[in-house]
Amino acid sequence: MKEKKAAYVNGYAGIAGLFLLAVAGAYFFYLGTTSTKFWAVALGVVSWGIALILLSSATVVSPNQAKVILFFGQYMGTIRESGFFLTVPFAQKIDISLKVRNFNSSVLKVNDLDGNPIEISAVVVFKVVDTAKALFDVAYYHDFVEIQSETAVRHIASQYPYDTFNDDDLTLRGNITAVSDELASELQERLSVAGVEVLETRLNHLAYATEIASAMLQRQQARAILSARQTIVEGAVTMTQMALEQIEEGQEINFTDDRKVQLINNLLVSIITDKGTQPVINTGDVKEK
């Protein structure tokens, strides 16, 4: 089933034409009754009947709304233009909204790629672009959107880990935009059968499940501490190397290996420690007599 344009005319012009038809019918009826011309009476009655039948086709379409026209079970087309119209007489006119809608999924509990239970939910922004598919190809398209959205969220959540120790990996927490875009792509594929266009999807809730949240928080803290220590050590080594090079080049001092090791040790301890260091002044070697 594919949407098509229904046959309709401007309602105001149509009403004017029906009024003229009714006036003509009244004239023929009067002419027939005064001159005993039965054909004129019949013509007047037929004109009135046609006017009443066409009057039943009047319909009003609001902005961002469509009218699906059914004539005894047959799809005749859709009116998307807002206004007052005359269309197929005795037809069933079904309203369907073309407005942009939001669907906020419930918080779902699923397992990520590593098997960790997580809580996740998403917001889906969509609108109907094919009224025929939305009305006839699926039962209750809004329910279809809700079920398929939650199914897609579950599937996407199971394809990625919540978080990893490798910054290059694609994760749910670290790559929300990329995950949301992939969710939108998958959801559009699922909802195309219902004539629905997905405008945007966003994850609005993402967290570890309650039973493992504490343990995962400790892991994240340990990872943060490890990363900070690694950065400090790398910086301390670089600073120590630069200090030795400047001392040796600027002062023309040549350290022995033992003195160089001692100096490096002192510099590294001073830079890396998170507490204040106590300077020790070396006054030279003391020999006992």
# chains A, B, ... in the order shown; residues from 1 in each chain; ligands from 1

call {"tool": "residues_around", "arguments": {"residues": "Leu52 in chain A", "least_positions_apart": "6", "cutoff": "10 Å", "atoms": "only C-alpha atoms", "output": "list of chain:residue names"}}
result
A:Leu18, A:Ala22, A:Val46, A:Pro89

call {"tool": "write_last_selection", "arguments": {"atoms": "C-alpha atoms", "output": "PDB file, in the first residue's frame"}}
result
ATOM      1  CA  LEU A  18     -24.385  22.906  -5.140  1.00  0.00           C
ATOM      2  CA  ALA A  22     -30.395  23.315  -5.779  1.00  0.00           C
ATOM      3  CA  VAL A  46     -32.910  14.562  -9.289  1.00  0.00           C
ATOM      4  CA  PRO A  89     -19.608  11.189  -1.552  1.00  0.00           C
TER       5      PRO A  89
END

call {"tool": "residues_around", "arguments": {"residues": "range 48-51 of chain A", "least_positions_apart": "2", "cutoff": "12 Å", "atoms": "only C-alpha atoms", "output": "PyMOL selection string"}}
result
chain A and resi 14-29+41-46+53-58+86+89

call {"tool": "write_last_selection", "arguments": {"atoms": "N, CA and C atoms", "output": "PDB file, in the first residue's frame"}}
result
ATOM      1  N   GLY A  14     -17.326  24.424  -4.375  1.00  0.00           N
ATOM      2  CA  GLY A  14     -18.263  23.316  -4.477  1.00  0.00           C
ATOM      3  C   GLY A  14     -19.618  23.639  -3.877  1.00  0.00           C
ATOM      4  N   ILE A  15     -19.614  24.303  -2.730  1.00  0.00           N
ATOM      5  CA  ILE A  15     -20.878  24.691  -2.100  1.00  0.00           C
ATOM      6  C   ILE A  15     -21.645  25.671  -2.978  1.00  0.00           C
ATOM      7  N   ALA A  16     -20.913  26.592  -3.600  1.00  0.00           N
ATOM      8  CA  ALA A  16     -21.570  27.533  -4.514  1.00  0.00           C
ATOM      9  C   ALA A  16     -22.204  26.786  -5.685  1.00  0.00           C
ATOM     10  N   GLY A  17     -21.483  25.790  -6.219  1.00  0.00           N
ATOM     11  CA  GLY A  17     -22.055  25.003  -7.310  1.00  0.00           C
ATOM     12  C   GLY A  17     -23.268  24.207  -6.866  1.00  0.00           C
ATOM     13  N   LEU A  18     -23.235  23.651  -5.652  1.00  0.00           N
ATOM     14  CA  LEU A  18     -24.385  22.906  -5.140  1.00  0.00           C
ATOM     15  C   LEU A  18     -25.577  23.818  -4.907  1.00  0.00           C
ATOM     16  N   PHE A  19     -25.304  25.041  -4.476  1.00  0.00           N
ATOM     17  CA  PHE A  19     -26.411  26.000  -4.279  1.00  0.00           C
ATOM     18  C   PHE A  19     -27.101  26.310  -5.609  1.00  0.00           C
ATOM     19  N   LEU A  20     -26.282  26.502  -6.636  1.00  0.00           N
ATOM     20  CA  LEU A  20     -26.863  26.763  -7.958  1.00  0.00           C
ATOM     21  C   LEU A  20     -27.636  25.551  -8.465  1.00  0.00           C
ATOM     22  N   LEU A  21     -27.100  24.360  -8.162  1.00  0.00           N
ATOM     23  CA  LEU A  21     -27.807  23.143  -8.574  1.00  0.00           C
ATOM     24  C   LEU A  21     -29.132  23.017  -7.835  1.00  0.00           C
ATOM     25  N   ALA A  22     -29.144  23.360  -6.537  1.00  0.00           N
ATOM     26  CA  ALA A  22     -30.395  23.315  -5.779  1.00  0.00           C
ATOM     27  C   ALA A  22     -31.401  24.339  -6.295  1.00  0.00           C
ATOM     28  N   VAL A  23     -30.929  25.524  -6.654  1.00  0.00           N
ATOM     29  CA  VAL A  23     -31.822  26.558  -7.210  1.00  0.00           C
ATOM     30  C   VAL A  23     -32.397  26.097  -8.540  1.00  0.00           C
ATOM     31  N   ALA A  24     -31.539  25.470  -9.361  1.00  0.00           N
ATOM     32  CA  ALA A  24     -32.033  24.956 -10.638  1.00  0.00           C
ATOM     33  C   ALA A  24     -33.064  23.858 -10.419  1.00  0.00           C
ATOM     34  N   GLY A  25     -32.824  23.014  -9.418  1.00  0.00           N
ATOM     35  CA  GLY A  25     -33.802  21.970  -9.123  1.00  0.00           C
ATOM     36  C   GLY A  25     -35.120  22.547  -8.670  1.00  0.00           C
ATOM     37  N   ALA A  26     -35.081  23.616  -7.859  1.00  0.00           N
ATOM     38  CA  ALA A  26     -36.314  24.268  -7.421  1.00  0.00           C
ATOM     39  C   ALA A  26     -37.054  24.884  -8.599  1.00  0.00           C
ATOM     40  N   TYR A  27     -36.288  25.452  -9.551  1.00  0.00           N
ATOM     41  CA  TYR A  27     -36.921  26.052 -10.722  1.00  0.00           C
ATOM     42  C   TYR A  27     -37.624  24.982 -11.554  1.00  0.00           C
ATOM     43  N   PHE A  28     -36.927  23.853 -11.771  1.00  0.00           N
ATOM     44  CA  PHE A  28     -37.543  22.789 -12.566  1.00  0.00           C
ATOM     45  C   PHE A  28     -38.762  22.207 -11.852  1.00  0.00           C
ATOM     46  N   PHE A  29     -38.686  22.072 -10.544  1.00  0.00           N
ATOM     47  CA  PHE A  29     -39.833  21.541  -9.796  1.00  0.00           C
ATOM     48  C   PHE A  29     -41.024  22.497  -9.891  1.00  0.00           C
ATOM     49  N   VAL A  41     -40.540  18.038 -13.121  1.00  0.00           N
ATOM     50  CA  VAL A  41     -40.590  17.676 -11.698  1.00  0.00           C
ATOM     51  C   VAL A  41     -39.505  16.646 -11.373  1.00  0.00           C
ATOM     52  N   ALA A  42     -39.398  15.640 -12.250  1.00  0.00           N
ATOM     53  CA  ALA A  42     -38.375  14.604 -12.031  1.00  0.00           C
ATOM     54  C   ALA A  42     -36.977  15.194 -12.080  1.00  0.00           C
ATOM     55  N   LEU A  43     -36.747  16.110 -13.023  1.00  0.00           N
ATOM     56  CA  LEU A  43     -35.431  16.744 -13.123  1.00  0.00           C
ATOM     57  C   LEU A  43     -35.112  17.564 -11.878  1.00  0.00           C
ATOM     58  N   GLY A  44     -36.137  18.249 -11.335  1.00  0.00           N
ATOM     59  CA  GLY A  44     -35.920  19.019 -10.112  1.00  0.00           C
ATOM     60  C   GLY A  44     -35.586  18.134  -8.931  1.00  0.00           C
ATOM     61  N   VAL A  45     -36.297  16.989  -8.803  1.00  0.00           N
ATOM     62  CA  VAL A  45     -36.026  16.060  -7.702  1.00  0.00           C
ATOM     63  C   VAL A  45     -34.630  15.462  -7.842  1.00  0.00           C
ATOM     64  N   VAL A  46     -34.255  15.119  -9.060  1.00  0.00           N
ATOM     65  CA  VAL A  46     -32.910  14.562  -9.289  1.00  0.00           C
ATOM     66  C   VAL A  46     -31.838  15.590  -8.941  1.00  0.00           C
ATOM     67  N   ILE A  53     -26.407  14.509  -2.151  1.00  0.00           N
ATOM     68  CA  ILE A  53     -25.352  13.480  -2.174  1.00  0.00           C
ATOM     69  C   ILE A  53     -23.973  14.123  -2.162  1.00  0.00           C
ATOM     70  N   LEU A  54     -23.787  15.142  -2.994  1.00  0.00           N
ATOM     71  CA  LEU A  54     -22.485  15.811  -3.045  1.00  0.00           C
ATOM     72  C   LEU A  54     -22.201  16.577  -1.757  1.00  0.00           C
ATOM     73  N   LEU A  55     -23.260  17.045  -1.099  1.00  0.00           N
ATOM     74  CA  LEU A  55     -23.065  17.755   0.161  1.00  0.00           C
ATOM     75  C   LEU A  55     -22.498  16.834   1.234  1.00  0.00           C
ATOM     76  N   SER A  56     -22.769  15.532   1.147  1.00  0.00           N
ATOM     77  CA  SER A  56     -22.234  14.577   2.139  1.00  0.00           C
ATOM     78  C   SER A  56     -20.727  14.387   2.015  1.00  0.00           C
ATOM     79  N   SER A  57     -20.142  14.888   0.918  1.00  0.00           N
ATOM     80  CA  SER A  57     -18.697  14.728   0.716  1.00  0.00           C
ATOM     81  C   SER A  57     -17.886  15.857   1.336  1.00  0.00           C
ATOM     82  N   ALA A  58     -18.554  16.837   1.941  1.00  0.00           N
ATOM     83  CA  ALA A  58     -17.833  17.966   2.526  1.00  0.00           C
ATOM     84  C   ALA A  58     -16.955  17.502   3.686  1.00  0.00           C
ATOM     85  N   LEU A  86     -14.624  19.340  -0.978  1.00  0.00           N
ATOM     86  CA  LEU A  86     -15.617  18.332  -1.349  1.00  0.00           C
ATOM     87  C   LEU A  86     -14.877  17.191  -2.019  1.00  0.00           C
ATOM     88  N   PRO A  89     -18.423  11.278  -2.420  1.00  0.00           N
ATOM     89  CA  PRO A  89     -19.608  11.189  -1.552  1.00  0.00           C
ATOM     90  C   PRO A  89     -19.688   9.846  -0.823  1.00  0.00           C
TER      91      PRO A  89
END

call {"tool": "select_by_dssp", "arguments": {"residues": "range 19-227 of chain A", "states": "alpha helix (DSSP H)", "output": "number ranges by chain"}}
result
A: 19-35, 38-55, 131-132, 141-157, 176-191, 210-227
